[in-house]
file data-v5.cif (mmCIF, C-alpha atoms and all ligand atoms)
data_entry
#
loop_
_atom_site.label_atom_id
_atom_site.label_comp_id
_atom_site.auth_asym_id
_atom_site.auth_seq_id
_atom_site.Cartn_x
_atom_site.Cartn_y
_atom_site.Cartn_z
CA MET R 1 -3.25 -12.64 7.99
CA ASN R 2 -2.91 -13.54 11.67
CA LEU R 3 -3.32 -10.27 13.54
CA ASN R 4 -2.84 -11.96 16.95
CA LYS R 5 0.93 -12.08 16.46
CA TYR R 6 1.19 -8.29 16.53
CA ASP R 7 2.32 -6.81 19.83
CA ILE R 8 -0.18 -4.13 20.82
CA SER R 9 0.98 -3.71 24.40
CA THR R 10 2.47 -0.28 23.63
CA THR R 11 -0.05 2.21 22.29
CA TYR R 12 0.30 5.84 21.17
CA LYS R 13 -2.23 8.63 20.99
CA ALA R 14 -2.59 10.13 17.52
CA THR R 15 -4.67 13.13 16.54
CA VAL R 16 -6.14 13.45 13.05
CA SER R 17 -4.66 16.57 11.40
CA ARG R 18 -6.22 16.20 7.94
CA ASN R 19 -8.61 13.80 6.24
CA GLU R 20 -8.98 14.32 2.47
CA ARG R 21 -10.65 12.30 -0.26
CA LEU R 22 -8.22 11.07 -2.96
CA THR R 23 -10.72 9.58 -5.41
CA PRO R 24 -13.33 11.65 -7.28
CA GLU R 25 -16.81 11.86 -5.75
CA ASP R 26 -18.28 9.67 -8.52
CA ALA R 27 -15.65 6.91 -8.20
CA ARG R 28 -16.85 3.55 -6.87
CA ASP R 29 -14.17 3.41 -4.21
CA GLU R 30 -13.67 6.13 -1.66
CA VAL R 31 -10.01 6.36 -0.70
CA ARG R 32 -8.75 8.97 1.75
CA HIS R 33 -5.41 10.52 2.68
CA ILE R 34 -5.39 10.75 6.46
CA VAL R 35 -2.66 12.65 8.30
CA LEU R 36 -2.04 11.74 11.95
CA ASN R 37 -0.08 13.74 14.51
CA ILE R 38 1.75 11.62 17.07
CA ALA R 39 3.12 13.82 19.82
CA ASP R 40 5.28 11.09 21.41
CA PRO R 41 8.77 11.38 19.80
CA SER R 42 9.58 7.76 20.70
CA PHE R 43 7.31 6.67 17.81
CA VAL R 44 9.75 6.33 14.90
CA PHE R 45 9.38 4.43 11.64
CA VAL R 46 10.89 3.92 8.21
CA GLU R 47 9.31 3.67 4.75
CA GLY R 48 7.53 0.36 4.11
CA GLN R 49 6.32 -0.12 7.69
CA SER R 50 2.70 -0.23 8.86
CA ILE R 51 0.86 0.94 11.94
CA GLY R 52 -1.97 -0.69 13.86
CA VAL R 53 -5.22 1.14 14.52
CA VAL R 54 -7.18 0.14 17.59
CA VAL R 55 -10.90 0.89 17.32
CA PRO R 56 -12.43 0.90 20.79
CA GLY R 57 -15.42 -1.41 21.36
CA PRO R 58 -17.57 -2.99 22.33
CA HIS R 59 -17.85 -4.82 19.00
CA ASP R 60 -19.83 -7.87 17.87
CA PHE R 61 -19.01 -11.18 19.56
CA GLY R 62 -17.89 -9.32 22.71
CA ASN R 63 -14.65 -8.07 21.16
CA PRO R 64 -13.38 -5.20 23.35
CA TYR R 65 -11.50 -3.62 20.42
CA HIS R 66 -11.01 -4.02 16.66
CA PHE R 67 -7.43 -3.97 15.35
CA ARG R 68 -6.31 -3.45 11.73
CA LEU R 69 -3.04 -2.57 9.95
CA TYR R 70 -2.39 0.33 7.56
CA SER R 71 0.74 1.11 5.53
CA ILE R 72 2.51 4.35 6.27
CA ALA R 73 2.51 6.62 3.20
CA SER R 74 5.09 9.11 4.57
CA THR R 75 8.86 8.96 4.85
CA ARG R 76 10.87 8.69 8.07
CA GLN R 77 11.08 12.51 7.98
CA GLY R 78 7.33 12.66 8.51
CA GLU R 79 4.51 14.06 6.41
CA ASP R 80 5.64 17.27 4.69
CA SER R 81 8.88 17.04 6.74
CA ASN R 82 6.94 17.26 10.00
CA LEU R 83 8.50 14.52 12.12
CA ALA R 84 5.43 14.34 14.36
CA GLU R 85 3.11 13.47 11.45
CA LEU R 86 2.54 10.52 9.18
CA SER R 87 -0.10 9.75 6.57
CA LEU R 88 -2.23 6.74 5.69
CA CYS R 89 -4.09 5.96 2.48
CA VAL R 90 -7.33 4.22 3.46
CA ARG R 91 -10.08 2.69 1.32
CA ARG R 92 -13.56 2.74 2.83
CA CYS R 93 -14.28 -0.97 2.93
CA PHE R 94 -17.61 -2.81 2.72
CA TYR R 95 -18.35 -6.52 2.69
CA ILE R 96 -21.35 -8.78 2.25
CA ASP R 97 -22.28 -10.56 5.47
CA ASP R 98 -22.21 -14.36 4.98
CA VAL R 99 -25.34 -14.91 7.05
CA SER R 100 -27.63 -11.97 6.32
CA GLY R 101 -26.36 -11.28 2.80
CA GLU R 102 -26.44 -7.57 3.67
CA ARG R 103 -23.76 -5.01 2.87
CA GLN R 104 -21.83 -4.20 6.05
CA LYS R 105 -19.33 -1.48 6.81
CA GLY R 106 -15.70 -2.39 7.54
CA ILE R 107 -15.08 -1.20 11.08
CA ALA R 108 -11.57 0.28 11.05
CA SER R 109 -11.71 1.76 7.56
CA HIS R 110 -15.00 3.56 8.34
CA TYR R 111 -13.63 4.70 11.69
CA LEU R 112 -10.61 6.25 9.94
CA CYS R 113 -12.43 7.62 6.89
CA ASP R 114 -15.03 9.29 9.13
CA ALA R 115 -12.50 10.70 11.65
CA PRO R 116 -12.60 14.51 11.56
CA PRO R 117 -9.54 16.69 12.24
CA GLY R 118 -8.96 16.86 16.00
CA LYS R 119 -10.20 13.32 16.68
CA GLU R 120 -7.89 11.30 18.91
CA ILE R 121 -7.26 7.69 17.97
CA THR R 122 -5.07 4.90 19.38
CA ILE R 123 -2.32 3.42 17.27
CA THR R 124 0.37 0.76 17.72
CA GLY R 125 3.54 -0.27 15.92
CA PRO R 126 5.29 0.43 13.71
CA TYR R 127 5.43 -3.08 12.24
CA GLY R 128 7.22 -4.87 9.40
CA ARG R 129 10.89 -5.05 8.51
CA GLN R 130 10.47 -7.06 5.28
CA PHE R 131 9.44 -4.23 2.99
CA LEU R 132 12.36 -1.85 3.31
CA ILE R 133 14.33 0.17 0.77
CA PRO R 134 17.85 -1.25 0.27
CA ARG R 135 20.74 0.83 1.64
CA ASP R 136 22.57 0.57 -1.70
CA ASN R 137 21.69 3.61 -3.84
CA SER R 138 22.59 1.69 -7.00
CA ALA R 139 19.87 -0.95 -6.39
CA ASN R 140 17.08 -1.20 -8.99
CA LEU R 141 13.53 -1.22 -7.66
CA LEU R 142 10.54 -2.80 -9.39
CA LEU R 143 7.47 -1.53 -7.53
CA LEU R 144 4.14 -3.19 -8.32
CA GLY R 145 1.14 -1.64 -6.62
CA VAL R 146 -2.62 -1.62 -7.02
CA GLY R 147 -5.07 0.70 -5.22
CA THR R 148 -4.01 1.54 -1.67
CA GLY R 149 -0.88 -0.55 -2.36
CA ILE R 150 0.56 2.75 -3.55
CA ALA R 151 0.92 3.95 0.08
CA PRO R 152 4.36 2.45 0.81
CA PHE R 153 5.56 3.39 -2.69
CA ARG R 154 4.64 7.05 -2.15
CA ALA R 155 6.97 6.88 0.87
CA PHE R 156 9.66 5.03 -1.14
CA VAL R 157 9.68 7.52 -4.02
CA LYS R 158 9.73 10.56 -1.72
CA HIS R 159 12.54 9.09 0.38
CA ILE R 160 14.64 8.07 -2.61
CA PHE R 161 14.39 11.34 -4.54
CA ASP R 162 13.98 13.92 -1.75
CA GLU R 163 15.99 12.43 1.09
CA ARG R 164 18.60 10.04 -0.38
CA ARG R 165 18.96 12.19 -3.48
CA ALA R 166 21.94 10.28 -4.93
CA TRP R 167 19.82 7.34 -6.13
CA GLU R 168 21.46 5.72 -9.17
CA GLY R 169 19.46 2.51 -9.71
CA LYS R 170 16.37 2.27 -11.91
CA VAL R 171 13.03 2.79 -10.18
CA ARG R 172 10.08 1.37 -12.12
CA LEU R 173 6.58 1.79 -10.68
CA PHE R 174 3.72 -0.24 -12.18
CA TYR R 175 0.56 1.10 -10.68
CA GLY R 176 -2.96 -0.21 -11.18
CA ALA R 177 -6.28 1.55 -10.71
CA LYS R 178 -9.72 1.37 -12.30
CA THR R 179 -9.45 4.74 -14.02
CA GLY R 180 -6.88 7.50 -14.47
CA MET R 181 -8.66 9.64 -11.87
CA GLU R 182 -8.37 6.78 -9.38
CA LEU R 183 -4.59 6.64 -9.69
CA LEU R 184 -3.94 7.73 -6.12
CA TYR R 185 -1.28 10.44 -5.69
CA MET R 186 -1.07 10.60 -9.50
CA ASN R 187 -4.30 12.34 -10.38
CA ASP R 188 -5.66 15.89 -10.55
CA ILE R 189 -6.70 15.77 -6.88
CA LYS R 190 -3.26 14.96 -5.51
CA ASN R 191 -0.25 14.41 -7.70
CA ASP R 192 2.75 14.08 -5.43
CA ILE R 193 4.18 11.00 -7.20
CA GLY R 194 3.75 12.73 -10.57
CA GLN R 195 6.32 15.33 -9.41
CA TYR R 196 9.09 12.76 -9.74
CA TYR R 197 8.43 11.87 -13.39
CA GLN R 198 11.28 14.14 -14.44
CA GLN R 199 13.82 12.14 -12.42
CA GLY R 200 16.07 10.34 -14.89
CA THR R 201 16.04 7.02 -13.03
CA PHE R 202 12.27 6.96 -12.45
CA LYS R 203 9.52 5.70 -14.73
CA ALA R 204 5.89 5.08 -13.81
CA PHE R 205 3.57 2.84 -15.83
CA GLU R 206 -0.18 3.15 -15.40
CA ALA R 207 -2.29 0.00 -15.56
CA LEU R 208 -5.97 0.86 -15.86
CA SER R 209 -8.98 -1.41 -15.94
CA PRO R 210 -10.06 -2.13 -19.55
CA ARG R 211 -13.76 -1.93 -18.52
CA PRO R 212 -14.02 0.11 -15.32
CA ALA R 213 -17.82 0.44 -15.50
CA VAL R 214 -18.29 -3.32 -15.06
CA ASP R 215 -15.53 -3.60 -12.48
CA ALA R 216 -13.18 -5.55 -14.78
CA PRO R 217 -9.91 -6.35 -13.00
CA VAL R 218 -7.08 -3.88 -13.29
CA ALA R 219 -4.77 -5.01 -16.05
CA ILE R 220 -1.44 -4.80 -14.21
CA ASP R 221 -0.49 -8.16 -15.75
CA ARG R 222 -0.97 -6.78 -19.28
CA THR R 223 1.09 -3.68 -18.53
CA LEU R 224 3.85 -5.87 -17.14
CA GLU R 225 3.82 -8.05 -20.25
CA ASP R 226 3.93 -4.95 -22.45
CA ASN R 227 7.23 -4.13 -20.75
CA ALA R 228 8.46 -7.71 -20.54
CA GLU R 229 11.92 -7.06 -21.96
CA GLU R 230 12.92 -4.42 -19.42
CA ILE R 231 11.36 -6.33 -16.54
CA TRP R 232 13.15 -9.56 -17.39
CA GLU R 233 16.44 -7.72 -17.83
CA MET R 234 15.96 -6.05 -14.42
CA ILE R 235 15.05 -9.34 -12.74
CA GLN R 236 18.28 -10.95 -14.02
CA ASP R 237 20.30 -8.19 -12.34
CA PRO R 238 21.39 -9.17 -8.81
CA LYS R 239 20.92 -5.54 -7.79
CA THR R 240 17.16 -5.62 -8.45
CA TYR R 241 14.55 -5.74 -5.70
CA VAL R 242 10.87 -6.52 -6.38
CA TYR R 243 8.02 -5.22 -4.19
CA LEU R 244 4.30 -6.04 -4.48
CA ALA R 245 1.64 -4.16 -2.49
CA GLY R 246 -2.14 -4.00 -2.38
CA LEU R 247 -5.20 -6.24 -2.25
CA SER R 248 -4.12 -9.83 -2.94
CA LYS R 249 -6.99 -10.47 -5.37
CA THR R 250 -5.72 -7.71 -7.64
CA PHE R 251 -2.49 -9.67 -8.22
CA LYS R 252 -4.27 -12.79 -9.52
CA GLY R 253 -2.83 -12.34 -13.01
CA LEU R 254 0.72 -11.66 -11.83
CA ASP R 255 2.03 -15.24 -11.85
CA LYS R 256 0.77 -15.80 -15.39
CA ALA R 257 2.30 -12.55 -16.61
CA MET R 258 5.62 -13.28 -14.93
CA THR R 259 5.61 -16.83 -16.32
CA ASN R 260 5.20 -15.38 -19.81
CA ILE R 261 7.96 -12.84 -19.15
CA ALA R 262 10.29 -15.54 -17.79
CA GLY R 263 9.45 -17.90 -20.69
CA SER R 264 8.38 -20.78 -18.41
CA GLU R 265 6.63 -21.47 -15.11
CA GLU R 266 9.75 -23.16 -13.79
CA GLY R 267 11.97 -20.23 -14.79
CA TYR R 268 9.71 -17.79 -12.96
CA ARG R 269 9.32 -20.03 -9.89
CA GLN R 270 13.07 -20.46 -9.55
CA LYS R 271 13.82 -16.77 -10.00
CA ARG R 272 11.17 -15.72 -7.45
CA GLN R 273 12.44 -18.32 -4.96
CA GLU R 274 16.03 -17.15 -5.41
CA MET R 275 15.01 -13.51 -4.91
CA LEU R 276 12.92 -14.38 -1.84
CA GLN R 277 15.89 -16.20 -0.30
CA GLN R 278 18.17 -13.26 -1.00
CA GLY R 279 15.69 -10.78 0.50
CA ARG R 280 15.09 -9.20 -2.92
CA TRP R 281 11.39 -10.07 -3.32
CA ALA R 282 8.91 -8.64 -0.79
CA GLU R 283 5.11 -8.82 -0.70
CA LEU R 284 2.67 -6.71 1.30
CA LEU R 285 -0.63 -8.23 0.22
CA TYR R 286 -3.90 -8.10 2.11
CA ASP R 287 -7.57 -9.15 1.73
C1 LIG D 1 0.19 -5.16 6.33
C2 LIG D 1 -1.14 -4.56 5.91
C3 LIG D 1 -1.21 -3.29 5.41
C4 LIG D 1 -2.42 -2.75 5.02
N1 LIG D 1 -2.44 -1.49 4.49
C5 LIG D 1 -3.62 -0.93 4.11
C6 LIG D 1 -3.63 0.38 3.54
O1 LIG D 1 -2.59 1.05 3.39
N2 LIG D 1 -4.84 0.89 3.18
C7 LIG D 1 -6.02 0.19 3.33
O2 LIG D 1 -7.09 0.74 3.01
N3 LIG D 1 -6.00 -1.07 3.84
C8 LIG D 1 -4.84 -1.64 4.26
N4 LIG D 1 -4.85 -2.90 4.79
C9 LIG D 1 -6.15 -3.57 5.01
C10 LIG D 1 -6.73 -3.15 6.39
O3 LIG D 1 -5.89 -3.64 7.41
C11 LIG D 1 -8.12 -3.69 6.67
O4 LIG D 1 -8.13 -5.08 6.47
C12 LIG D 1 -9.24 -3.05 5.82
O5 LIG D 1 -9.26 -1.65 5.99
C13 LIG D 1 -10.60 -3.60 6.28
O6 LIG D 1 -10.71 -3.44 7.67
P1 LIG D 1 -12.08 -2.99 8.35
O7 LIG D 1 -11.92 -3.03 9.82
O8 LIG D 1 -12.58 -1.73 7.73
O9 LIG D 1 -13.07 -4.10 7.89
P2 LIG D 1 -13.58 -5.37 8.77
O10 LIG D 1 -14.60 -4.88 9.74
O11 LIG D 1 -12.40 -6.11 9.25
O12 LIG D 1 -14.29 -6.19 7.65
C14 LIG D 1 -13.66 -6.39 6.42
C15 LIG D 1 -13.43 -7.86 6.12
O13 LIG D 1 -13.80 -8.71 7.17
C16 LIG D 1 -14.40 -9.88 6.66
N5 LIG D 1 -15.65 -10.06 7.39
C17 LIG D 1 -15.86 -9.57 8.64
N6 LIG D 1 -17.07 -9.97 9.08
C18 LIG D 1 -17.65 -10.69 8.11
C19 LIG D 1 -18.90 -11.33 7.98
N7 LIG D 1 -19.80 -11.30 8.95
N8 LIG D 1 -19.16 -11.96 6.81
C20 LIG D 1 -18.26 -11.97 5.83
N9 LIG D 1 -17.05 -11.39 5.90
C21 LIG D 1 -16.74 -10.75 7.02
C22 LIG D 1 -14.53 -9.70 5.22
O14 LIG D 1 -13.51 -10.49 4.61
C23 LIG D 1 -14.26 -8.28 4.97
O15 LIG D 1 -13.55 -8.04 3.78
C24 LIG D 1 -3.63 -3.49 5.16
C25 LIG D 1 -3.57 -4.78 5.67
C26 LIG D 1 -2.36 -5.32 6.03
C27 LIG D 1 -2.33 -6.73 6.58
#
call {"tool": "encode", "arguments": {"input": "data-v5.cif", "output": "structure tokens", "more": "lines below"}}
Ligand SMILES: Cc1cc2nc3c(=O)[nH]c(=O)nc-3n(C[C@H](O)[C@H](O)[C@H](O)COP(=O)(O)OP(=O)(O)OC[C@H]3O[C@@H](n4cnc5c(N)ncnc54)[C@H](O)[C@@H]3O)c2cc1C
result
Amino acid sequence: MNLNKYDISTTYKATVSRNERLTPEDARDEVRHIVLNIADPSFVFVEGQSIGVVVPGPHDFGNPYHFRLYSIASTRQGEDSNLAELSLCVRRCFYIDDVSGERQKGIASHYLCDAPPGKEITITGPYGRQFLIPRDNSANLLLLGVGTGIAPFRAFVKHIFDERRAWEGKVRLFYGAKTGMELLYMNDIKNDIGQYYQQGTFKAFEALSPRPAVDAPVAIDRTLEDNAEEIWEMIQDPKTYVYLAGLSKTFKGLDKAMTNIAGSEEGYRQKRQEMLQQGRWAELLYD
């Protein structure tokens, strides 16, 4: 991901309103729901866009600031219908330093996860016009998300069912997490996607890791294959849009699963290419 192409010449002040943990205390990953208040009304966005977060320096290698992107988890009407607020879903990130071999803290994710209510931060954006909900209410949506990849889909589902209301197409959410309690926005801690299960056009499929204790990959591919018939039928329909969001490594098994669903590698490749060209296949994948 080349972050240099993002225009950060216009910045906005945002104040943290809330910062809540979404995963249980004993989960391996700490993921937080962070609500920001942006007083400037010229900052407007739609579902599927991201913001930039500028962490002031100095940082290593003389970098004056550290810039990272985060998906907006709220709708265009704001968080809880407050137009001045939006939310992010942020995983506290660590990595192993190539040289020292030591565990290091990701800069922006720690900055956000540690930000208390009242803290002022600098943001930019919004960015991204490739991950948007179609205008046509009869479109079918196949939403594939793992981990924090749920953020844009929380915004999608809220917008479709609370704000568009007359949605007629099928909405199918395949959502991967290590355990049921780590299904963000669908667990006992916060269940705002679960509220839409009663919508006739909406179905959510959980894909959990078969061996969470040893960090086995989330089995989104297996859950997709279990529902191969409906997926393939949806993909044949010119009104279907496919969206993928989350850490790229968690989608490693996707191509194989889709190849099995399509019946051949060539069949899948052609279908994906056709959908990409028609703006019906969008990916928001990050490392
Ligand atoms: C469009 C988009 C949307 C995104 N949305 C979200 C979201 O909704 N939620 C979310 O949590 N994340 C999201 N991300 C990811 C996010 O932008 C950050 O990449 C993530 O939070 C890590 O940033 P950081 O500053 O905490 O870590 P950094 O300080 O950037 O470090 C993390 C990474 O840097 C590399 N690295 C840096 N230094 C070293 C070193 N010395 N040795 C080895 N490796 C090194 C490693 O690859 C490591 O994984 C998104 C990314 C994109 C592109």
call {"tool": "residues_around", "arguments": {"input": "data-v5.cif", "residues": "Phe131 in chain R", "least_positions_apart": "6", "cutoff": "9 Å", "atoms": "only C-alpha atoms", "output": "list in words"}}
result
Glu47, Gly48, Gln49, Pro152, Tyr243, Trp281, Ala282, Glu283 and Leu284 of chain R
call {"tool": "residues_around", "arguments": {"input": "data-v5.cif", "residues": "Tyr241 in chain R", "least_positions_apart": "3", "cutoff": "10 Å", "atoms": "all atoms listed in the file", "output": "PyMOL selection string"}}
result
chain R and resi 133-134+139-143+171+234-235+237-238+275-276+278-282
call {"tool": "closest_atom_pairs", "arguments": {"input": "data-v5.cif", "of": "range 173-254 of chain R", "to": "range 76-90 of chain R", "cutoff": "12 Å", "atoms": "only C-alpha atoms", "output": "tab-separated table"}}
result
residue	atom	partner	partner_atom	distance
R:Leu184	CA	R:Cys89	CA	8.8
R:Tyr185	CA	R:Cys89	CA	9.7
R:Asp192	CA	R:Asp80	CA	11.0
R:Gly246	CA	R:Cys89	CA	11.3
call {"tool": "closest_atom_pairs", "arguments": {"input": "data-v5.cif", "of": "chain R", "to": "ligand LIG 1 (chain D)", "cutoff": "7 Å", "atoms": "all atoms listed in the file", "output": "tab-separated table"}}
result
residue	atom	partner	partner_atom	distance
R:Met1	CA	D:LIG1	C27	6.1
R:Ser50	CA	D:LIG1	C3	6.0
R:His66	CA	D:LIG1	O7	7.0
R:Arg68	CA	D:LIG1	O3	4.3
R:Leu69	CA	D:LIG1	O3	4.0
R:Tyr70	CA	D:LIG1	N1	3.6
R:Ser71	CA	D:LIG1	O1	4.0
R:Ile72	CA	D:LIG1	O1	6.7
R:Leu88	CA	D:LIG1	O1	6.1
R:Cys89	CA	D:LIG1	N2	5.2
R:Val90	CA	D:LIG1	O2	3.5
R:Arg91	CA	D:LIG1	O2	3.9
R:Arg92	CA	D:LIG1	O8	6.7
R:Cys93	CA	D:LIG1	O8	5.1
R:Phe94	CA	D:LIG1	C14	6.5
R:Tyr95	CA	D:LIG1	C23	5.0
R:Ile96	CA	D:LIG1	C20	5.7
R:Asp97	CA	D:LIG1	N8	3.7
R:Asp98	CA	D:LIG1	N8	4.3
R:Val99	CA	D:LIG1	N8	6.9
R:Lys105	CA	D:LIG1	O10	6.5
R:Gly106	CA	D:LIG1	O9	3.2
R:Ile107	CA	D:LIG1	O7	3.9
R:Ala108	CA	D:LIG1	O7	3.5
R:Ser109	CA	D:LIG1	O8	3.6
R:His110	CA	D:LIG1	O8	5.8
R:Thr148	CA	D:LIG1	N2	5.0
R:Gly149	CA	D:LIG1	O1	6.2
R:Ala151	CA	D:LIG1	O1	5.6
R:Leu284	CA	D:LIG1	C1	5.8
R:Leu285	CA	D:LIG1	C26	6.7
R:Tyr286	CA	D:LIG1	C25	4.9
R:Asp287	CA	D:LIG1	O4	6.3
call {"tool": "atom_distance", "arguments": {"input": "data-v5.cif", "atom1": "CA of Leu254 in chain R", "atom2": "CA of Thr75 in chain R"}}
result
27.7 Å
call {"tool": "residues_around", "arguments": {"input": "data-v5.cif", "residues": "Lys203 in chain R", "least_positions_apart": "6", "cutoff": "9 Å", "atoms": "all atoms listed in the file", "output": "mmCIF file with C-alpha atoms, in the coordinates of the input"}}
result
data_model
loop_
_atom_site.group_PDB
_atom_site.id
_atom_site.type_symbol
_atom_site.label_atom_id
_atom_site.label_comp_id
_atom_site.auth_asym_id
_atom_site.auth_seq_id
_atom_site.Cartn_x
_atom_site.Cartn_y
_atom_site.Cartn_z
ATOM 1 C CA LYS R 170 16.370 2.270 -11.910
ATOM 2 C CA VAL R 171 13.030 2.790 -10.180
ATOM 3 C CA ARG R 172 10.080 1.370 -12.120
ATOM 4 C CA LEU R 173 6.580 1.790 -10.680
ATOM 5 C CA PHE R 174 3.720 -0.240 -12.180
ATOM 6 C CA TYR R 196 9.090 12.760 -9.740
ATOM 7 C CA TYR R 197 8.430 11.870 -13.390
#
call {"tool": "closest_residue", "arguments": {"input": "data-v5.cif", "among": "R:Val16, R:Val46, R:Gly194, R:Gly180", "to": "Pro116 in chain R", "atoms": "only C-alpha atoms"}}
result
R:Val16
call {"tool": "atom_distance", "arguments": {"input": "data-v5.cif", "atom1": "CA of Ile261 in chain R", "atom2": "CA of Asn227 in chain R"}}
result
8.9 Å
call {"tool": "closest_residue", "arguments": {"input": "data-v5.cif", "among": "R:Glu168, R:Glu230, R:Asp255, R:Asp29", "to": "Gly147 in chain R", "atoms": "only C-alpha atoms"}}
result
R:Asp29
call {"tool": "atom_distance", "arguments": {"input": "data-v5.cif", "atom1": "CA of Arg222 in chain R", "atom2": "CA of Leu244 in chain R"}}
result
15.7 Å
call {"tool": "closest_residue", "arguments": {"input": "data-v5.cif", "among": "R:Lys239, R:Ala213, R:Arg32, R:Gln198", "to": "Arg135 in chain R", "atoms": "all atoms listed in the file"}}
result
R:Lys239
call {"tool": "closest_residue", "arguments": {"input": "data-v5.cif", "among": "R:Leu112, R:Ile220, R:Ile121, R:Ala73", "to": "Asn19 in chain R", "atoms": "all atoms listed in the file"}}
result
R:Leu112
call {"tool": "closest_residue", "arguments": {"input": "data-v5.cif", "among": "R:Pro24, R:Gly57, R:Gly169, R:Gly263", "to": "Met181 in chain R", "atoms": "all atoms listed in the file"}}
result
R:Pro24
call {"tool": "closest_residue", "arguments": {"input": "data-v5.cif", "among": "R:Asp188, R:Asp60, R:Asp114, R:Asp221", "to": "Leu22 in chain R", "atoms": "only C-alpha atoms"}}
result
R:Asp188
call {"tool": "build_atoms", "arguments": {"input": "data-v5.cif", "residues": "range 186-199 of chain R", "atoms": "N, CA and C atoms", "output": "short mmCIF file (atom, residue, chain, number, x, y, z; two decimals), keeping the file's coordinate frame"}}
result
data_model
loop_
_atom_site.label_atom_id
_atom_site.label_comp_id
_atom_site.auth_asym_id
_atom_site.auth_seq_id
_atom_site.Cartn_x
_atom_site.Cartn_y
_atom_site.Cartn_z
N MET R 186 -1.51 10.34 -8.12
CA MET R 186 -1.07 10.60 -9.50
C MET R 186 -2.25 11.11 -10.30
N ASN R 187 -3.15 11.82 -9.64
CA ASN R 187 -4.30 12.34 -10.38
C ASN R 187 -4.44 13.84 -10.14
N ASP R 188 -5.51 14.44 -10.67
CA ASP R 188 -5.66 15.89 -10.55
C ASP R 188 -5.91 16.32 -9.10
N ILE R 189 -6.38 15.41 -8.27
CA ILE R 189 -6.70 15.77 -6.88
C ILE R 189 -5.42 15.89 -6.06
N LYS R 190 -4.54 14.94 -6.23
CA LYS R 190 -3.26 14.96 -5.51
C LYS R 190 -2.23 14.25 -6.37
N ASN R 191 -1.17 14.95 -6.69
CA ASN R 191 -0.25 14.41 -7.70
C ASN R 191 1.18 14.37 -7.18
N ASP R 192 1.38 13.97 -5.91
CA ASP R 192 2.75 14.08 -5.43
C ASP R 192 3.70 13.02 -5.95
N ILE R 193 3.22 11.93 -6.55
CA ILE R 193 4.18 11.00 -7.20
C ILE R 193 4.52 11.53 -8.59
N GLY R 194 3.53 12.15 -9.24
CA GLY R 194 3.75 12.73 -10.57
C GLY R 194 4.91 13.72 -10.60
N GLN R 195 5.20 14.35 -9.48
CA GLN R 195 6.32 15.33 -9.41
C GLN R 195 7.67 14.72 -9.73
N TYR R 196 7.76 13.38 -9.58
CA TYR R 196 9.09 12.76 -9.74
C TYR R 196 9.29 12.22 -11.15
N TYR R 197 8.31 12.42 -12.04
CA TYR R 197 8.43 11.87 -13.39
C TYR R 197 9.67 12.40 -14.11
N GLN R 198 10.13 13.58 -13.72
CA GLN R 198 11.28 14.14 -14.44
C GLN R 198 12.60 13.55 -13.95
N GLN R 199 12.58 12.75 -12.90
CA GLN R 199 13.82 12.14 -12.42
C GLN R 199 14.29 11.13 -13.46
#
